[in-house]
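K.L.:
Structure incoming, see below.
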Amino acid sequence: MSNTSAIFTEEHNIQTPCKLFVVGDPRVLLIQPSARHEEKNDGVRREVDLIAQASPTGFAMVFFDCVEWARALMPWADDAVSRDAEVGRHAPDTLRFIEHTLLPWLRERFGALPCIIGGYSLGGLFALWAARNTDAFAAVAAASPSLWINGWGEYAAAHPILSPQATIQNSTLKTQNSTPQHITTTTPIHLSLGDREEHCRNQRMKRIGDCVRAEYTLLCQQLSPTAVTLRWHEGGHFGAEAERTAEAFAWCIEQLVHNFQQPKNNTK
């Protein structure tokens with residue numbers, strides 16, 4: 001059943017311009033960095049529509065504006081991405097903004113809902129890096145993540161995903177019992193890649209296929225094979241960004257709904 005008939009859109013300035021979409025009765029929060037290229041052809045709204053079509057679960061999704069895309073999201077410097085001296089210095093600032101400003105603002109309005117971090121390209125890279133630096137995120141939607149940057153494999157191996165230990169009110173995801181449940185969750189991770197991305201001419205970027213396969217294998221070892229999925233799409237890196245990212249978020253939502261459903265307590 002589609003949620004597309006009940007989508008409300010708001011614009012806010014929470015240290016940076018943000019677009020908030022509220023779909024149905026939110027049971028999960030979605031956060032994604034956005035840039036000008038994602039605004040083309042109404043890509044942000046199309047992505048929300050596609051998530052709503054794919055999942056019956058209500059959600060609140062916020063896109064926050066990254067004016068300087070590489071500066072905001074790159075965890076460290078890599079000249080193949082940018083020679084800007086500021087690139088590689090500000091990802092911790094972006095993560096602090098999400099953890100200490102954006103998430104509290106969302107939870108004040110919608111309650112202590114589980115949160116999915118996600119994005120496309122550098123946004124997907126940032127999401128995977130962020131989930132290794134905080135346990136604030138219950139799932140990661142990484143579409144065509146730029147894992148070809150220097151040093152990612154070594155960093156990922158040394159820094160496992162920080163799965164949250166959360167106290168979940170059963171009402172959060174409409175479960176049956178109103179008693180708080182202490183749940184140690186395993187973070188679901190959705191990876192995806194275009195099947196032509198590793199066949200590009202750029203010698204660095206063509207490593208992406210092997211890099212994503214290695215990340216998938218590593219995450220299966222660090223978490224569990226059932227917590228991770230790798231989806232191959234037709235095409236290269238550019239094109240169908242909204243569709244790929246929407247699929248990743250929708251998969252994560254359904255994993256959380258399944259994970260947080262608790263059996264009914266037996267009455268005495």
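Convention: chains lettered A, B, ... in structure tokens order; per-chain residue numbering from 1; ligands numbered from 1 as shown.
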I'd like the neighbourhood of range 102-107 of chain A as a list in words, where a residue qualifies if any of its atoms comes within 9 Å (using only C-alpha atoms), though same-chain residues fewer than 3 positions away should be ignored.

P.N.:
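Everything that qualifies: Ile14, Leu29, Ile31, Ala60, Val62, Phe64, Phe97, Ile98, Glu99, Phe110, Gly111, Ala112, Leu113, Cys115 and Ala136 of chain A.
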
K.L.:
Need to verify the contact set: Ala70 in chain A, 12 Å, only C-alpha atoms, exclusion of same-chain residues closer than 5 positions in sequence. Can you return it as a PyMOL selection string?

P.N.:
chain A and resi 33-35+75-91+94+121-123+125-126+146

K.L.:
Please report the interatomic distance between CA of Ala240 in chain A and CA of Met61 in chain A in Å with one decimal.

P.N.:
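Separating CA of Ala240 in chain A from CA of Met61 in chain A is a distance of 19.3 Å.
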
K.L.:
Counting only C-alpha atoms, figure out which residue out of A:Val67, A:Ala143, A:Val44, A:Leu50 gets nearest to Thr16 in chain A.

P.N.:
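With only C-alpha atoms as the atom set, the closest residue is A:Val67.
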
K.L.:
Near range 248-259 of chain A, within 10 Å and counting only C-alpha atoms, which residues show up once chain neighbours fewer than 3 positions away are dropped, as a VMD selection string?

P.N.:
chain A and resid 27 to 32 47 to 48 50 to 59 114 to 120 138 to 143 172 to 175 183 185 to 192 227 to 231 242 to 245 262

K.L.:
DSSP on the backbone, then: every residue of range 64-156 of chain A marked strand (DSSP E or B), written as a ChimeraX atom specification.

P.N.:
/A:64-65,115-120,139-143

K.L.:
Check the smallest atom-to-atom distance from each of A:Leu73, A:Leu193, A:Leu162, A:Cys211 to Leu223 in chain A using only C-alpha atoms, then report the winner.

P.N.:
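Of A:Leu73, A:Leu193, A:Leu162, A:Cys211, the one nearest Leu223 in chain A, counting only C-alpha atoms, is A:Leu162.
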
K.L.:
Can you work out the spacing between CA of Asp49 in chain A and CA of Trp69 in chain A in Å, to one decimal?

P.N.:
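Result for CA of Asp49 in chain A versus CA of Trp69 in chain A: 24.0 Å, one decimal.
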
K.L.:
So, counting only C-alpha atoms, which residue among A:Trp232, A:Phe63, A:Trp148, A:Tyr216 is closest to Glu247 in chain A?

P.N.:
A:Trp232

K.L.:
What's the separation between CA of Ala131 in chain A and CA of Gln221 in chain A, in Å to one decimal place?

P.N.:
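Separation of CA of Ala131 in chain A and CA of Gln221 in chain A: 16.0 Å.
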
K.L.:
Identify which of the residues A:Arg196, A:Arg204, A:Leu219, A:Glu241 lies closest to Asp42 in chain A, counting only C-alpha atoms when measuring atom-to-atom distances.

P.N.:
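Nearest candidate to Asp42 in chain A out of A:Arg196, A:Arg204, A:Leu219, A:Glu241: A:Glu241.
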
K.L.:
Give the helix (DSSP H, G or I) residues of range 5-246 of chain A, as DSSP finds them on the backbone, and put them as a ChimeraX atom specification.

P.N.:
/A:36-54,69-73,91-110,122-130,152-158,170-173,197-199,205-222,225-227,241-246
